[in-house]
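**Student:** So that we are looking at the same thing, I have put the structure below in structure tokens.
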Amino acid sequence: MRRHMFRWSPARIIAGAFGSISFIGSILLYLPWGHMPGQSITYVDALYTAVSALCVTGLSIVDTAAVFNPFGQAILAVLIQVGGLGVSTMGAGVLLMLGRKVGIRQRNLIHDTMNLDSYSGVVRFLRTLFATTVFIEIIGAFLGYFVFRRDYEMMESIGLSIFHSISSFNNAGLTILTKERSMEMYVEDPFMLILTTALVFVGGLGFIVIRECWVNRFRWRKLSMHSRVSIFMAVFLLIGGAVLLKLTNPISWLVAFFSSQSARSVGYMVYPFESWSPAGLLVMLVLMFIGTSTGSTGGGVKTSTVFALVLGVRRVTTNARAEAFHYSLPPLAFRKAAVVVVLAIADIVISTFILLLVCPELSLAEAFTEIMSAFTTVGLSLGTTASLNEWGKLISILVMLTGRMGPMTIATAWYFYEETR
């Protein structure tokens, strides 16, 4: 006898998991035991902060250093780590630590969220992913400690270095530095800028690329098309963005490279964002929209999407073969890339329009930048985030969630899987 049974699709499970963890995180951040003495925040601000951390966005309504005590800051770090690695990945990791098996459904979720080539070796991939993450973040925290130790006591320096390493590698952009001692104070510190750029760059490549480079001992000819495209686009955008930012703004080359990488993922700024020239701001917005590699901790429409779109347009306009690095572009890659970009543009335009309706005091540039930053999970703002009203904050929260989960995930979340038995 055959019967039909419907179950949730991976897209809907991911959406539900993000919503659930955001709610739990908001409650923990709202409760007084995570606040500094005499400090308190509204629930909407707590929810906004939790979603910003989980979606590794970096937009901040409150001064995290002044409002949250070490416990509250630890909650933020955990949310960043969960959001950076992926909800389904962290859930499977917990099962492994408890000695339990990772089921078929968890394997399917990890396969979909991390864009793996096959379903085999998922558990081995998870172990490698967690080991790599811990190793890189420990190195980042160790090196960062010597920077923070110049200005802070030992225990505070340890906390700052750990948080900064987690936030940087996961492309979150949140900081627990005070406003008086923000990232801008390190504008002339080459070691801090290079360290942060390196952490953000590696995190933005993605775990698949990192593992493949390590296994193949960084030999270019043995890398897959995905890894070659990811590395090529990351380097091209880093250098190209730096050159354009240097040409359009009075900054050093080091700051230009730092800002170019930061604009695609993390949102740290050592040069005031409000001081960028209109041309420089346009460059930043384009870099924000493109984002990082597929399967990485960063956001945006992804470098592989843009690469596939460019090759597809070239094939249509010149009738040339869609290939790169001796690989042919999969037939459906251009169609999928076009759908992702169209959905992303539609989300940004519609959300900007709604934000202007509920926050009429914002200019078009301010509202567009705010929404672009939320969708691409970058965290750059023209100084308007803290002035948003309650409706504006809720809109930004929804945009951060859709941006982190991806337009394709949101578009297919209403589907049910059908099993026939």
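Numbering starts fresh at 1 for the residues of each chain in the structure tokens, the chains themselves are lettered A, B, ... in the order given, and ligands are numbered from 1 as they appear.
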So which bits of range 346-405 of chain A end up alpha helix (DSSP H) when you DSSP the backbone, as a count of residues only?
**Tutor:** 41
**Student:** Skipping near chain neighbours, those fewer than 6 positions away, what residues fall within 8 Å of range 306-314 of chain A using only C-alpha atoms, listed as an MDAnalysis selection string?
**Tutor:** chainID A and resid 229 233 290 320 322:323 329 333:334 337:338
**Student:** Would you mind listing what lies within 8 Å of range 141-150 of chain A as a list in words, with only C-alpha atoms counted and same-chain residues fewer than 3 positions away left out?
**Tutor:**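 Once the adjacent positions are removed, what remains is Glu137, Ile138, Glu153, Met154, Ser157, Ile158, Leu160, Ser161, Ile162, Phe163, His164, Ser165, Met192 and Leu195 of chain A.
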**Student:** Grab the CA of Pro272 in chain A to CA of Val44 in chain A distance for me, in Å with one decimal place.
**Tutor:** 27.0 Å
**Student:** Which residue is closest to Gly403 in chain A? Choose from A:Leu223, A:Val340, A:Ala50, A:Cys55 and count only C-alpha atoms.
**Tutor:** A:Cys55
**Student:** Enumerate the residues of range 251-399 of chain A with a DSSP assignment of strand (DSSP E), computed from the backbone, and present them as a short mmCIF file (atom, residue, chain, number, x, y, z; two decimals) with all heavy atoms, in the first residue's frame.
**Tutor:**
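Saved the output as part.cif:
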```
data_model
loop_
_atom_site.label_atom_id
_atom_site.label_comp_id
_atom_site.auth_asym_id
_atom_site.auth_seq_id
_atom_site.Cartn_x
_atom_site.Cartn_y
_atom_site.Cartn_z
N GLU A 323 33.19 28.82 -20.93
CA GLU A 323 34.18 28.02 -20.23
C GLU A 323 35.25 28.92 -19.62
O GLU A 323 35.46 30.06 -20.06
CB GLU A 323 34.83 27.01 -21.18
CG GLU A 323 35.54 27.64 -22.39
CD GLU A 323 36.16 26.60 -23.30
OE1 GLU A 323 35.86 25.40 -23.13
OE2 GLU A 323 36.96 26.98 -24.17
N ALA A 324 35.91 28.39 -18.60
CA ALA A 324 36.96 29.13 -17.91
C ALA A 324 37.86 28.13 -17.20
O ALA A 324 37.39 27.12 -16.66
CB ALA A 324 36.37 30.12 -16.92
N TYR A 327 37.52 24.49 -17.88
CA TYR A 327 36.27 23.85 -17.47
C TYR A 327 35.12 24.50 -18.24
O TYR A 327 35.15 25.70 -18.51
CB TYR A 327 36.01 24.00 -15.98
CG TYR A 327 36.92 23.19 -15.09
CD1 TYR A 327 38.07 23.76 -14.53
CD2 TYR A 327 36.62 21.87 -14.78
CE1 TYR A 327 38.91 23.03 -13.69
CE2 TYR A 327 37.45 21.12 -13.95
CZ TYR A 327 38.59 21.71 -13.42
OH TYR A 327 39.40 20.98 -12.59
N SER A 328 34.10 23.70 -18.55
CA SER A 328 32.90 24.25 -19.17
C SER A 328 31.89 24.62 -18.10
O SER A 328 31.74 23.91 -17.10
CB SER A 328 32.27 23.22 -20.13
OG SER A 328 33.15 22.92 -21.20
#
```
**Student:** With a distance cut-off of 9 Å and only C-alpha atoms, select the neighbouring residues of Ile27 in chain A, excluding the residue or stretch itself and same-chain residues fewer than 6 positions from it, and output the selection as an MDAnalysis selection string.
**Tutor:** chainID A and resid 43 46:47 50
**Student:** With N, CA, C and O atoms kept, could you save the residues just selected as an mmCIF file, in the first residue's frame?
**Tutor:**
```cif
data_model
loop_
_atom_site.group_PDB
_atom_site.id
_atom_site.type_symbol
_atom_site.label_atom_id
_atom_site.label_comp_id
_atom_site.auth_asym_id
_atom_site.auth_seq_id
_atom_site.Cartn_x
_atom_site.Cartn_y
_atom_site.Cartn_z
ATOM 1 N N TYR A 43 13.256 45.188 23.606
ATOM 2 C CA TYR A 43 13.303 43.854 23.002
ATOM 3 C C TYR A 43 13.612 43.940 21.508
ATOM 4 O O TYR A 43 14.337 43.097 20.969
ATOM 5 N N ALA A 46 17.217 44.221 21.097
ATOM 6 C CA ALA A 46 17.849 42.935 21.387
ATOM 7 C C ALA A 46 17.684 41.976 20.210
ATOM 8 O O ALA A 46 18.622 41.263 19.832
ATOM 9 N N LEU A 47 16.477 41.969 19.613
ATOM 10 C CA LEU A 47 16.230 41.119 18.453
ATOM 11 C C LEU A 47 17.089 41.553 17.276
ATOM 12 O O LEU A 47 17.674 40.713 16.568
ATOM 13 N N ALA A 50 20.654 40.430 17.909
ATOM 14 C CA ALA A 50 20.790 38.982 17.771
ATOM 15 C C ALA A 50 20.800 38.574 16.303
ATOM 16 O O ALA A 50 21.625 37.751 15.876
#
```
**Student:** Could you check the closest approach to Ala172 in chain A for each of A:Phe201, A:Trp276, A:Tyr268, A:Phe232 and tell me which residue wins, using only C-alpha atoms?
**Tutor:** A:Tyr268
**Student:** Suppose you want the space between CA of Ile136 in chain A and CA of Val56 in chain A; what is it in Å?
**Tutor:** 17.5 Å
**Student:** Which of these, A:Leu85, A:Leu380, A:Val358, A:Leu76, has the shortest distance to Gly392 in chain A once you count only C-alpha atoms?
**Tutor:**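 Once distances to Gly392 in chain A are computed over only C-alpha atoms, the minimum belongs to A:Val358.
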**Student:** So, with only C-alpha atoms as the atoms that count, which of A:Leu237, A:Leu382, A:Leu287, A:Leu199 lies closest to Ser275 in chain A?
**Tutor:**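 That would be A:Leu382, the residue with the smallest distance to Ser275 in chain A.
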**Student:** Can you pull out the residues contacting range 250-260 of chain A? Cut-off 12 Å, using only C-alpha atoms, and skip same-chain residues under 3 positions away; I want them as a PyMOL selection string.
**Tutor:** chain A and resi 183-184+186-201+234-247+263-273+275-277+280-281+283-288+290-292+378+380
**Student:** Could you list, as a PyMOL selection string, every residue within 12 Å of range 28-33 of chain A, counting only C-alpha atoms and ignoring same-chain residues fewer than 6 positions away?
**Tutor:** chain A and resi 21-22+39-51+53+62+64+67-79
**Student:** So how far away is CA of Ile176 in chain A from CA of Ala15 in chain A, in Å?
**Tutor:**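 According to the coordinates, CA of Ala15 in chain A and CA of Ile176 in chain A are separated by 28.0 Å.
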**Student:** Neighbouring residues of Thr384 in chain A were defined as those with any atom within 8 Å, considering only C-alpha atoms; residues of the same chain fewer than 2 positions away were excluded. Please report them as a list in words.
**Tutor:**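 My reading of the contact set: Leu362, Glu366, Glu370, Ser381, Leu382, Ala386, Ser387 and Leu388 of chain A.
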**Student:** Looking at A:Leu356, A:Ile14, A:Ala66, A:Leu401, which one is nearest to Leu177 in chain A, with distances taken over only C-alpha atoms?
**Tutor:** A:Ala66
**Student:** Between A:Ile80, A:Gly406, A:Cys213, A:Phe289, which is the closest to Gly173 in chain A once you count only C-alpha atoms?
**Tutor:**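 Going through A:Ile80, A:Gly406, A:Cys213, A:Phe289 one by one, the smallest distance to Gly173 in chain A is for A:Ile80.
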